[in-house]
Each structure stands twice: as structure tokens, then as C-alpha cells.
$ cat coords_9.txt   # compact mmCIF, C-alpha atoms and all ligand atoms
# COMPACT_ATOMS: atom_id res chain seq x y z
CA MET C 1 23.39 -41.52 -16.43
CA ILE C 2 21.94 -37.99 -16.68
CA ILE C 3 18.24 -37.92 -17.60
CA PHE C 4 16.53 -34.70 -18.61
CA ALA C 5 12.86 -35.18 -17.70
CA LEU C 6 9.66 -33.37 -18.63
CA ASP C 7 6.03 -33.53 -17.49
CA SER C 8 3.28 -31.39 -19.01
CA SER C 9 0.35 -33.73 -18.40
CA CYS C 10 -2.01 -31.21 -16.78
CA ASP C 11 -1.58 -27.67 -15.49
CA GLU C 12 2.00 -27.85 -14.25
CA THR C 13 5.02 -27.47 -16.51
CA ALA C 14 7.75 -29.53 -14.88
CA VAL C 15 11.38 -30.09 -15.87
CA ALA C 16 14.05 -31.96 -13.91
CA VAL C 17 17.57 -33.30 -14.22
CA VAL C 18 18.08 -36.67 -12.52
CA ARG C 19 21.30 -38.67 -12.16
CA ASN C 20 21.15 -42.48 -12.08
CA GLY C 21 17.45 -42.59 -11.26
CA ARG C 22 17.38 -41.28 -7.74
CA GLU C 23 19.65 -38.27 -7.45
CA VAL C 24 17.69 -35.13 -8.31
CA LEU C 25 20.11 -32.45 -9.55
CA SER C 26 17.32 -29.95 -10.22
CA SER C 27 13.53 -29.97 -10.34
CA GLU C 28 11.65 -26.94 -11.65
CA LEU C 29 7.92 -26.43 -11.62
CA TYR C 30 5.66 -23.76 -13.05
CA SER C 31 2.13 -24.13 -11.71
CA GLN C 32 -0.73 -22.61 -13.67
CA ALA C 33 -3.15 -23.11 -10.76
CA ASP C 34 -3.75 -19.36 -10.31
CA ILE C 35 -4.74 -18.99 -13.97
CA HIS C 36 -7.16 -21.94 -13.94
CA ALA C 37 -8.58 -20.87 -10.56
CA LEU C 38 -10.30 -18.03 -12.44
CA TYR C 39 -12.39 -20.67 -14.23
CA GLY C 40 -12.90 -23.08 -11.31
CA GLY C 41 -10.87 -25.86 -12.97
CA VAL C 42 -8.32 -26.61 -15.67
CA VAL C 43 -9.10 -25.18 -19.12
CA PRO C 44 -7.23 -27.55 -21.48
CA GLU C 45 -6.32 -25.09 -24.22
CA ILE C 46 -5.07 -22.50 -21.74
CA ALA C 47 -2.96 -25.22 -20.11
CA SER C 48 -1.37 -26.16 -23.48
CA ARG C 49 -0.61 -22.56 -24.37
CA ASN C 50 1.04 -21.93 -21.00
CA HIS C 51 3.21 -25.03 -21.38
CA VAL C 52 4.38 -23.67 -24.75
CA ALA C 53 5.17 -20.31 -23.18
CA ARG C 54 7.16 -21.77 -20.26
CA ILE C 55 8.85 -24.98 -21.33
CA VAL C 56 11.98 -23.51 -22.93
CA ARG C 57 12.83 -21.12 -20.09
CA LEU C 58 12.09 -23.78 -17.48
CA SER C 59 14.40 -26.22 -19.30
CA ASP C 60 17.22 -23.66 -19.34
CA LEU C 61 16.66 -23.08 -15.63
CA ALA C 62 16.71 -26.81 -14.83
CA LEU C 63 20.05 -27.25 -16.60
CA LYS C 64 21.49 -24.13 -14.97
CA ASN C 65 20.42 -25.22 -11.48
CA ALA C 66 21.84 -28.70 -12.09
CA GLY C 67 25.16 -27.07 -13.04
CA LEU C 68 25.10 -28.80 -16.44
CA THR C 69 24.75 -27.98 -20.13
CA LYS C 70 22.58 -29.73 -22.70
CA HIS C 71 25.66 -31.67 -23.85
CA ASP C 72 25.70 -33.50 -20.49
CA ILE C 73 22.26 -35.04 -21.16
CA ASP C 74 22.38 -38.82 -21.78
CA ALA C 75 18.64 -39.33 -22.38
CA VAL C 76 15.36 -37.42 -22.41
CA ALA C 77 12.37 -38.83 -20.50
CA VAL C 78 8.88 -37.48 -21.00
CA THR C 79 5.34 -38.18 -19.79
CA TYR C 80 3.44 -39.37 -22.88
CA THR C 81 0.27 -40.60 -21.13
CA PRO C 82 -2.22 -40.18 -19.39
CA GLY C 83 -3.25 -36.53 -19.23
CA LEU C 84 -4.77 -33.68 -21.21
CA ILE C 85 -3.88 -34.44 -24.80
CA GLY C 86 -2.95 -30.89 -25.85
CA ALA C 87 -0.84 -30.42 -22.74
CA LEU C 88 0.95 -33.77 -23.18
CA LEU C 89 1.74 -32.95 -26.81
CA VAL C 90 3.76 -29.90 -25.77
CA GLY C 91 6.11 -31.94 -23.58
CA VAL C 92 6.29 -34.87 -26.01
CA ASN C 93 7.20 -32.69 -28.98
CA PHE C 94 9.72 -30.67 -27.01
CA ALA C 95 11.31 -33.93 -25.78
CA LYS C 96 11.41 -35.35 -29.31
CA GLY C 97 13.14 -32.23 -30.64
CA LEU C 98 15.68 -32.30 -27.83
CA SER C 99 16.46 -35.99 -28.19
CA LEU C 100 16.81 -35.65 -31.97
CA SER C 101 19.07 -32.62 -31.80
CA LEU C 102 21.30 -34.13 -29.09
CA ASP C 103 21.14 -37.62 -30.61
CA VAL C 104 20.23 -39.22 -27.27
CA PRO C 105 17.50 -41.79 -26.46
CA LEU C 106 13.91 -40.70 -25.90
CA ILE C 107 12.20 -42.51 -23.00
CA PRO C 108 8.38 -42.47 -22.83
CA VAL C 109 7.06 -42.56 -19.26
CA HIS C 110 3.57 -43.40 -17.99
CA HIS C 111 2.56 -40.61 -15.58
CA ILE C 112 1.14 -42.96 -12.94
CA LYS C 113 4.33 -45.00 -12.89
CA GLY C 114 6.09 -41.69 -12.33
CA HIS C 115 3.95 -40.98 -9.26
CA ILE C 116 4.93 -44.37 -7.83
CA ALA C 117 8.61 -43.60 -8.56
CA ALA C 118 8.42 -40.38 -6.51
CA ASN C 119 8.82 -42.73 -3.56
CA TYR C 120 12.17 -44.06 -4.85
CA ILE C 121 13.46 -40.48 -4.67
CA ALA C 122 12.07 -39.95 -1.18
CA TYR C 123 13.23 -43.34 0.13
CA PRO C 124 16.61 -44.30 -1.39
CA ASP C 125 16.40 -47.88 -0.06
CA LEU C 126 12.87 -48.58 -1.30
CA LYS C 127 12.69 -51.32 -3.94
CA PRO C 128 9.78 -53.31 -5.39
CA PRO C 129 7.88 -55.48 -4.70
CA PHE C 130 5.23 -53.68 -2.67
CA LEU C 131 1.56 -52.76 -2.64
CA CYS C 132 0.90 -49.25 -3.91
CA VAL C 133 -2.08 -46.91 -3.72
CA VAL C 134 -2.04 -44.08 -6.27
CA VAL C 135 -4.53 -41.26 -5.63
CA SER C 136 -4.37 -38.22 -7.85
CA GLY C 137 -6.59 -35.73 -9.65
CA GLY C 138 -7.19 -38.06 -12.59
CA ASN C 139 -6.59 -41.57 -11.27
CA SER C 140 -7.18 -43.72 -8.19
CA LEU C 141 -5.86 -47.24 -8.18
CA ILE C 142 -4.31 -50.01 -6.14
CA ALA C 143 -1.38 -51.79 -7.75
CA ASP C 144 0.78 -54.82 -7.17
CA VAL C 145 4.22 -53.34 -7.94
CA ARG C 146 6.21 -56.50 -8.72
CA GLY C 147 9.14 -54.68 -10.27
CA TYR C 148 10.11 -51.16 -11.36
CA THR C 149 8.33 -51.66 -14.69
CA ASP C 150 6.18 -54.67 -13.87
CA ILE C 151 3.05 -53.21 -12.32
CA CYS C 152 -0.32 -54.93 -12.13
CA VAL C 153 -3.43 -52.91 -11.23
CA VAL C 154 -5.60 -54.91 -8.81
CA GLY C 155 -8.24 -52.27 -8.11
CA ARG C 156 -9.27 -48.94 -9.54
CA SER C 157 -11.98 -46.33 -9.31
CA ARG C 158 -14.90 -47.27 -11.51
CA ASP C 159 -15.69 -43.59 -12.04
CA ASP C 160 -14.10 -40.41 -10.65
CA ALA C 161 -10.68 -40.15 -9.08
CA ALA C 162 -10.44 -39.19 -5.40
CA GLY C 163 -8.88 -35.83 -6.35
CA GLU C 164 -11.78 -35.06 -8.68
CA CYS C 165 -14.15 -35.60 -5.73
CA PHE C 166 -12.22 -33.11 -3.56
CA ASP C 167 -11.92 -30.58 -6.40
CA LYS C 168 -15.59 -30.59 -7.39
CA VAL C 169 -16.87 -30.40 -3.80
CA ALA C 170 -14.50 -27.50 -3.13
CA ARG C 171 -15.74 -25.74 -6.26
CA VAL C 172 -19.37 -25.98 -5.14
CA LEU C 173 -18.37 -24.67 -1.71
CA GLY C 174 -16.56 -21.76 -3.39
CA LEU C 175 -13.20 -22.81 -1.96
CA GLY C 176 -11.32 -22.32 -5.23
CA TYR C 177 -9.11 -24.52 -7.37
CA PRO C 178 -7.40 -26.89 -6.69
CA GLY C 179 -9.85 -27.86 -3.99
CA GLY C 180 -7.94 -30.63 -2.19
CA PRO C 181 -5.57 -28.41 -0.18
CA ALA C 182 -8.39 -25.93 0.67
CA LEU C 183 -10.65 -28.72 1.95
CA ASP C 184 -7.74 -30.21 3.87
CA ASN C 185 -7.17 -26.89 5.66
CA ALA C 186 -10.89 -26.43 6.32
CA SER C 187 -11.19 -29.96 7.73
CA ARG C 188 -8.74 -29.37 10.58
CA SER C 189 -11.30 -27.70 12.85
CA GLY C 190 -14.22 -29.94 11.80
CA ASN C 191 -16.09 -32.85 13.34
CA ASP C 192 -15.43 -35.81 11.01
CA SER C 193 -18.59 -37.70 12.04
CA LEU C 194 -21.10 -34.89 11.64
CA TYR C 195 -22.01 -35.96 8.09
CA ASN C 196 -22.67 -39.58 7.24
CA LEU C 197 -21.49 -40.01 3.65
CA PRO C 198 -21.66 -43.09 1.38
CA CYS C 199 -18.68 -45.43 1.39
CA PRO C 200 -19.47 -47.74 -1.57
CA VAL C 201 -18.41 -51.36 -1.93
CA ILE C 202 -18.35 -52.99 -5.38
CA ALA C 203 -19.65 -56.57 -5.23
CA GLY C 204 -17.10 -59.10 -6.42
CA SER C 205 -14.31 -56.51 -6.82
CA PRO C 206 -12.96 -55.90 -3.33
CA TYR C 207 -10.24 -53.44 -4.42
CA ASP C 208 -12.29 -51.41 -6.90
CA MET C 209 -13.55 -48.04 -5.68
CA SER C 210 -16.12 -45.41 -6.55
CA PHE C 211 -15.98 -41.70 -5.73
CA SER C 212 -18.70 -40.34 -7.99
CA GLY C 213 -21.62 -41.17 -5.65
CA LEU C 214 -19.70 -39.67 -2.73
CA LYS C 215 -19.08 -36.47 -4.73
CA THR C 216 -22.75 -36.21 -5.74
CA SER C 217 -23.94 -36.91 -2.22
CA VAL C 218 -21.83 -34.07 -0.75
CA ILE C 219 -22.88 -31.68 -3.53
CA ASN C 220 -26.57 -32.57 -2.92
CA LEU C 221 -26.15 -31.88 0.81
CA ILE C 222 -24.70 -28.46 -0.03
CA HIS C 223 -27.47 -27.63 -2.52
CA ASN C 224 -30.23 -28.79 -0.14
CA ALA C 225 -28.81 -26.69 2.67
CA ASN C 226 -28.62 -23.66 0.37
CA GLN C 227 -32.22 -24.15 -0.79
CA LYS C 228 -33.46 -24.39 2.81
CA ASN C 229 -31.30 -21.44 3.85
CA GLU C 230 -29.54 -23.66 6.39
CA THR C 231 -25.97 -22.98 7.41
CA LEU C 232 -23.54 -25.70 6.49
CA ASP C 233 -20.70 -26.63 8.79
CA ILE C 234 -18.04 -26.50 6.09
CA ALA C 235 -15.20 -27.62 8.36
CA SER C 236 -17.17 -30.70 9.42
CA MET C 237 -18.24 -31.37 5.84
CA ALA C 238 -14.57 -31.28 4.78
CA ALA C 239 -13.55 -33.50 7.72
CA SER C 240 -16.36 -36.01 7.01
CA LEU C 241 -15.37 -36.13 3.32
CA ALA C 242 -11.69 -36.74 4.13
CA ARG C 243 -12.66 -39.47 6.62
CA THR C 244 -14.86 -41.18 4.03
CA VAL C 245 -12.21 -41.06 1.26
CA SER C 246 -9.73 -42.44 3.76
CA GLU C 247 -12.16 -45.22 4.74
CA ILE C 248 -12.40 -46.17 1.06
CA LEU C 249 -8.62 -46.25 0.54
CA VAL C 250 -6.91 -47.43 3.71
CA PRO C 251 -8.70 -50.74 4.50
CA ARG C 252 -8.46 -51.82 0.84
CA ALA C 253 -4.71 -51.20 0.87
CA ILE C 254 -4.19 -53.19 4.07
CA VAL C 255 -6.27 -56.16 2.88
CA ALA C 256 -4.62 -56.13 -0.58
CA ALA C 257 -1.12 -55.99 0.94
CA SER C 258 -1.95 -59.00 3.13
CA GLU C 259 -3.46 -60.91 0.20
CA PHE C 260 -0.39 -60.35 -1.97
CA GLY C 261 1.98 -61.13 0.89
CA TYR C 262 3.52 -57.67 1.26
CA ASP C 263 4.53 -55.89 4.42
CA LYS C 264 5.30 -52.68 2.52
CA ILE C 265 2.63 -50.14 1.49
CA VAL C 266 3.48 -47.19 -0.74
CA VAL C 267 1.12 -44.25 -1.26
CA ALA C 268 1.51 -41.83 -4.18
CA GLY C 269 -0.18 -38.97 -6.05
CA GLY C 270 -1.48 -35.50 -5.21
CA VAL C 271 -4.17 -36.73 -2.79
CA ALA C 272 -1.43 -38.46 -0.73
CA ALA C 273 -0.79 -34.92 0.57
CA ASN C 274 -4.08 -35.05 2.51
CA SER C 275 -3.39 -34.84 6.24
CA ARG C 276 -6.25 -37.17 7.29
CA ILE C 277 -5.37 -39.82 4.70
CA ARG C 278 -1.69 -39.67 5.68
CA ALA C 279 -2.49 -40.01 9.39
CA ASP C 280 -4.87 -42.94 8.79
CA PHE C 281 -2.28 -44.77 6.65
CA VAL C 282 0.37 -44.26 9.35
CA LYS C 283 -1.93 -45.72 12.01
CA ALA C 284 -3.19 -48.62 9.90
CA ALA C 285 0.33 -49.60 8.80
CA SER C 286 1.55 -49.54 12.38
CA ASP C 287 -1.48 -51.54 13.64
CA ASN C 288 -0.82 -54.18 10.97
CA ASP C 289 3.00 -54.29 11.32
CA MET C 290 3.51 -52.94 7.83
CA GLU C 291 6.11 -50.49 6.63
CA LEU C 292 4.64 -47.32 5.11
CA PHE C 293 6.13 -45.05 2.46
CA ILE C 294 4.44 -41.72 1.58
CA PRO C 295 6.38 -39.02 -0.26
CA PRO C 296 6.95 -35.60 1.32
CA LEU C 297 4.37 -33.09 0.10
CA TYR C 298 6.59 -31.64 -2.66
CA LEU C 299 6.83 -35.09 -4.29
CA CYS C 300 3.12 -35.97 -3.99
CA GLY C 301 1.90 -33.67 -6.76
CA ASP C 302 3.06 -33.54 -10.36
CA ASN C 303 6.79 -33.03 -10.88
CA ALA C 304 9.39 -34.08 -13.43
CA ALA C 305 11.89 -35.60 -10.97
CA MET C 306 9.59 -38.62 -10.64
CA ILE C 307 9.49 -38.91 -14.45
CA GLY C 308 13.30 -38.85 -14.60
CA CYS C 309 13.43 -41.54 -11.92
CA GLN C 310 10.92 -43.86 -13.62
CA GLY C 311 12.56 -43.07 -16.99
CA PHE C 312 15.84 -44.46 -15.64
CA TYR C 313 14.19 -47.79 -14.78
CA GLU C 314 12.24 -47.89 -18.05
CA TYR C 315 15.47 -47.36 -20.00
CA ALA C 316 17.23 -50.04 -17.95
CA ALA C 317 14.37 -52.38 -18.93
CA GLY C 318 15.02 -51.59 -22.62
CA LYS C 319 12.28 -49.08 -23.27
CA LYS C 320 12.79 -46.25 -25.70
CA ALA C 321 10.72 -44.40 -28.24
CA SER C 322 11.26 -43.46 -31.85
CA VAL C 323 10.43 -40.05 -33.31
CA THR C 324 6.94 -41.34 -34.04
CA LEU C 325 6.10 -41.27 -30.31
CA ASP C 326 2.58 -39.92 -29.86
CA ALA C 327 0.87 -38.62 -26.73
CA LYS C 328 -2.19 -40.49 -25.45
CA ALA C 329 -4.92 -39.06 -23.23
CA THR C 330 -5.56 -42.40 -21.53
CA THR C 331 -3.54 -45.61 -21.24
CA ASP C 332 -3.92 -48.23 -18.54
CA ILE C 333 -0.63 -49.12 -16.86
CA GLU C 334 -0.99 -52.66 -18.28
CA ASN C 335 -1.02 -51.20 -21.80
CA ASP C 336 2.08 -49.07 -21.29
CA LEU C 337 4.10 -50.59 -24.14
CA THR C 338 7.66 -51.82 -23.69
CA VAL C 339 8.97 -50.40 -26.94
CA ILE C 340 7.28 -47.56 -28.82
O1 LIG V 401 -1.03 -35.90 -8.62
P1 LIG V 401 -1.62 -34.58 -8.92
O2 LIG V 401 -0.78 -33.34 -8.67
O3 LIG V 401 -2.10 -34.49 -10.41
C1 LIG V 401 -2.50 -35.58 -11.14
O4 LIG V 401 -1.63 -36.34 -11.63
O5 LIG V 401 -3.74 -35.74 -11.21
O6 LIG V 401 -2.96 -34.51 -8.07
C2 LIG V 401 -3.74 -33.36 -8.04
C3 LIG V 401 -4.91 -33.64 -7.12
C4 LIG V 401 -5.95 -32.54 -7.16
O7 LIG V 401 -7.22 -33.14 -7.29
C5 LIG V 401 -5.80 -31.89 -5.80
O8 LIG V 401 -6.98 -31.29 -5.30
C6 LIG V 401 -5.38 -33.07 -4.94
O9 LIG V 401 -4.47 -33.77 -5.76
N1 LIG V 401 -4.76 -32.67 -3.68
C7 LIG V 401 -5.29 -32.92 -2.47
C8 LIG V 401 -4.43 -32.33 -1.52
N2 LIG V 401 -3.40 -31.74 -2.20
C9 LIG V 401 -3.62 -31.96 -3.52
N3 LIG V 401 -6.41 -33.59 -2.13
C10 LIG V 401 -6.69 -33.69 -0.83
N4 LIG V 401 -5.93 -33.12 0.15
C11 LIG V 401 -4.81 -32.45 -0.15
N5 LIG V 401 -4.05 -31.91 0.82

$ encode --input "coords_9.txt" --output "C-alpha cells" --more "lines below"
Ligand code: KG4
Amino acid sequence: MIIFALDSSCDETAVAVVRNGREVLSSELYSQADIHALYGGVVPEIASRNHVARIVRLSDLALKNAGLTKHDIDAVAVTYTPGLIGALLVGVNFAKGLSLSLDVPLIPVHHIKGHIAANYIAYPDLKPPFLCVVVSGGNSLIADVRGYTDICVVGRSRDDAAGECFDKVARVLGLGYPGGPALDNASRSGNDSLYNLPCPVIAGSPYDMSFSGLKTSVINLIHNANQKNETLDIASMAASLARTVSEILVPRAIVAASEFGYDKIVVAGGVAANSRIRADFVKAASDNDMELFIPPLYLCGDNAAMIGCQGFYEYAAGKKASVTLDAKATTDIENDLTVI
């Protein structure tokens, strides 16, 4: 089955052609990061307009690089939630038009489920069930992945996502947008215990997380140093931040995996590209005799191949949308409807 997949949930226009769920025939990406860097973060309307400007040419390119024509498409999968509403609407409406004109099914895909599915592409033998940690720019959660479409969130950030914490700290430090990769690079020469940062625990909810206090605490340290004319050790600040985020994520994942009886941990989302977090997961999994799956860097961030992959499993589970499909800025995985 050939699935033509689209993702326009934030500032990347992504189109892919995926065969039978896991074979990526092409995956094209247009990142608007340089444009939004001028403003220190994503400007929603600019993101929408750039999706409109790019989506047709990128679709042609994806088909060309897959060696196919539009008549080979068996279904169209698209991210319909969560994300920036104007940006999502571009992909959703393009997908609707394509599915209508080709008379093929339209498959709505939840973006977070797509991030999890990136691992099915990277690891052809990986199958649910497993424990999954998703850490991206907009979401941070721990999920019991019982089946390809049966996913139960067992812990989530009560406030900011981990990626938001990296991005905002980087902005205050003047490291540009997106901040995660810049902080990761800066952290390599730093001392990770120079700054003692808060690592919150939420009473009664062992798998819930909070990154907002951590973000504010780092930003306050930076402002205080600036006011006192003190020099900040940016590399050590970046290393201490990465260590703290890792200390929030990794132990929760190990304990949750044990509680749910899994010996497989999967990590997904843009923040899974972080070198410290990756290294800590590798060590913790090995220390606890667990198998670890983290996508290669090109599959951590937003892409449409992961949407095509998850779309395949959603379609197999009977999910498809009518032409009334609407985009939604936020939808919990539990509320991702079976038929729309
Ligand atoms: O998954 P993603 O591409 O978009 C969403 O679905 O949100 O994640 C983007 C986030 C941004 O916050 C970015 O700064 C962060 O992932 N990120 C990183 C790294 N690479 C990307 N954060 C920390 N370290 C990195 N190496």
C-alpha cells in the first residue's frame, strides 16, 4: 500500500511516500527555521504562509524521488492535530483535495503517534507493546504503547514541554532558534554540575513532569548574572540544563517500564536528538537490562515519513476521515478518534 503523507504542524513542511508502513520511498522536508530565527521563535502566520508556498512543489518532489506518479497513491495520510492551527490547516486541506481528486482514503494522524512511529521506520523489527517517552517542542509525555493505535498516556508535563525549556533558555542566552541543538553543542565543553537546577517531583503522580520552573530558574540565573555584571559559564549552564532534563526523563521511564512489565523503552521527538539525554538513556537501559530504541537524528524531529508509517497502522485499524476533517490545535492521544 502506497501512502502519501503530509505534516505541516509547525515550521517544517514535510511530505513523504511510504510503502506498507515502514518502507520510506521518499521523505522531503522544507525547514523554515532560518525565517523564524529572525524573530526568536515560530511566528504562526508566517509558518502557514510558507507551508502554502512550498507544499505543492514539495509534493511533486516527493513523488518524483519515489519514482511514482499521483496515480500510484493508495491513500493520503495527514497530521490533523496537535500543532499550530493555521499551519495544520494547510496540510489538512491539501490532503483533502488530493484524496478527493484521486478518490483514495484520507487518513488523519495524531502528530505524537507519528513521532512514536518514527521508531518503526528506524527499527524494522520493533513492535508494540513497549514504554515510550515522547519529548518534543510542544509535548513531553510517557506512554504505555499497548498496540500501534492503542496508546495510553501515563505521565505528561503539567506545563511546558522539554523542547520549550531548551528553546526559551537558548533565546535568552542569544543562541538563536531552535535552541535545543545550539545548547546541545554548547554543553559539550561544560561542567554539568556547576549549576544546581530544580528537578521537580509531582506528589501522587510519579510519571508527571514539569519544565516550567526549570526554565524560569535558568532564565533568572542568567538575568541575575547580567544585572551583577557577572560572567556566565554558558557551556556549564547548557550542560547542567541537559543533565537536569535527563534526570527528569530517564528515571521515570525506567520505573514506568518496570511497573508496566516492559523490557523495551522507546524514545521519540525532537529532544531525543539531545546527546546527553541519548547517552543517559543508553546507560540506564543497559544498567536495567532493557532494550532501548531511539531514532537516528533525522527521524527525531518532524518529518512526514513517520506520519505515513502511523497512517498505515491507523488505516489497518479502520481509521479514515471524511471531507469534513478539521484540524485541531490540541488533542490528547486518548481523544484521537477512531473514525472522523
Ligand atoms: O519534534 P520536534 O521537531 O517538533 C515538535 O513536534 O515539537 O521538536 C522540536 C524541538 C525543539 O524544541 C528543539 O529545540 C528540540 O526539539 N531539539 C533539541 C535538540 N534538537 C532539537 N533539544 C535538545 N537537544 C537537541 N539536540

$ residues_around --input "coords_9.txt" --residues "Ile248 (chain C)" --least-positions-apart "6" --cutoff "10 Å" --atoms "all atoms listed in the file" --output "count of residues only"
11

$ residues_around --input "coords_9.txt" --residues "Met1 (chain C)" --least-positions-apart "3" --cutoff "7 Å" --atoms "all atoms listed in the file" --output "list in words"
Arg19, Asn20 and Asp74 of chain C

$ residues_around --input "coords_9.txt" --residues "Ile333 (chain C)" --least-positions-apart "6" --cutoff "8 Å" --atoms "all atoms listed in the file" --output "ChimeraX atom specification"
/C:110,112-113,151-153

$ atom_distance --input "coords_9.txt" --atom1 "atom C9 of ligand LIG 401 (chain V)" --atom2 "CA of Gly21 (chain C)"
24.8 Å

$ atom_distance --input "coords_9.txt" --atom1 "CA of His51 (chain C)" --atom2 "CA of Cys10 (chain C)"
9.3 Å

$ atom_distance --input "coords_9.txt" --atom1 "CA of Ile294 (chain C)" --atom2 "CA of Glu12 (chain C)"
21.2 Å

$ residues_around --input "coords_9.txt" --residues "region 28-41 of chain C" --least-positions-apart "6" --cutoff "12 Å" --atoms "all atoms listed in the file" --output "MDAnalysis selection string"
chainID C and resid 4:18 47:66 87 137 164 166:179 298:299 301:306

$ closest_residue --input "coords_9.txt" --among "C:Ser136, C:Ser205, C:Asn335, C:Ser246" --to "ligand LIG 401 (chain V)" --atoms "all atoms listed in the file"
C:Ser136

$ closest_residue --input "coords_9.txt" --among "C:Ala253, C:Leu232, C:Ile116, C:Ala285" --to "ligand LIG 401 (chain V)" --atoms "only C-alpha atoms and all ligand atoms"
C:Ile116

$ residues_near_point --input "coords_9.txt" --point "(1.1, -55.0, 4.9)" --cutoff "12 Å" --atoms "only C-alpha atoms" --output "VMD selection string"
chain C and resid 129 to 132 250 to 266 281 to 282 284 to 293

$ closest_residue --input "coords_9.txt" --among "C:Asn185, C:Thr69, C:Thr79, C:Gln227" --to "ligand LIG 401 (chain V)" --atoms "all atoms listed in the file"
C:Asn185

$ residues_near_point --input "coords_9.txt" --point "(-6.3, -38.7, -9.9)" --cutoff "10 Å" --atoms "only C-alpha atoms" --output "ChimeraX atom specification"
/C:112,134-141,157,160-165,269-271

$ closest_residue --input "coords_9.txt" --among "C:Ala203, C:Leu88, C:Leu197, C:Ala273" --to "Glu247 (chain C)" --atoms "only C-alpha atoms"
C:Leu197

$ axis_aligned_box --input "coords_9.txt" --around "region 200-203 of chain C" --padding-each-side "6 Å" --output "AutoDock Vina command-line options"
--center_x -19.0 --center_y -52.2 --center_z -3.5 --size_x 13.3 --size_y 20.8 --size_z 15.8

$ residues_around --input "coords_9.txt" --residues "region 97-107 of chain C" --least-positions-apart "6" --cutoff "10 Å" --atoms "only C-alpha atoms" --output "PyMOL selection string"
chain C and resi 3-5+70-80+91+307-308+310-315+318-323+325+339-340

$ closest_residue --input "coords_9.txt" --among "C:Leu183, C:Val145, C:Leu126, C:Val43" --to "ligand LIG 401 (chain V)" --atoms "only C-alpha atoms and all ligand atoms"
C:Leu183

$ decode --input "coords_9.txt" --residues "region 191-202 of chain C" --atoms "N, CA and C atoms" --output "short mmCIF file (atom, residue, chain, number, x, y, z; two decimals), in the first residue's frame"
data_model
loop_
_atom_site.label_atom_id
_atom_site.label_comp_id
_atom_site.auth_asym_id
_atom_site.auth_seq_id
_atom_site.Cartn_x
_atom_site.Cartn_y
_atom_site.Cartn_z
N ASN C 191 30.71 21.91 32.43
CA ASN C 191 30.69 21.10 33.65
C ASN C 191 29.22 20.95 34.06
N ASP C 192 28.69 19.72 34.01
CA ASP C 192 27.24 19.54 34.18
C ASP C 192 26.79 19.68 35.63
N SER C 193 27.76 19.81 36.60
CA SER C 193 27.29 20.00 37.97
C SER C 193 27.59 21.39 38.51
N LEU C 194 27.96 22.31 37.62
CA LEU C 194 28.28 23.66 38.10
C LEU C 194 27.02 24.37 38.60
N TYR C 195 25.90 24.16 37.91
CA TYR C 195 24.65 24.83 38.33
C TYR C 195 23.68 23.79 38.88
N ASN C 196 23.15 24.09 40.05
CA ASN C 196 22.21 23.17 40.69
C ASN C 196 20.79 23.65 40.35
N LEU C 197 20.12 22.94 39.47
CA LEU C 197 18.82 23.39 38.96
C LEU C 197 17.70 22.51 39.53
N PRO C 198 16.47 23.06 39.59
CA PRO C 198 15.38 22.28 40.20
C PRO C 198 14.92 21.10 39.34
N CYS C 199 14.68 20.00 40.02
CA CYS C 199 14.25 18.76 39.34
C CYS C 199 12.94 18.35 40.01
N PRO C 200 11.81 18.96 39.60
CA PRO C 200 10.57 18.82 40.39
C PRO C 200 9.95 17.42 40.35
N VAL C 201 9.28 17.11 41.48
CA VAL C 201 8.54 15.85 41.59
C VAL C 201 7.10 16.24 41.88
N ILE C 202 6.14 15.60 41.24
CA ILE C 202 4.73 15.97 41.45
C ILE C 202 4.09 14.91 42.35
#
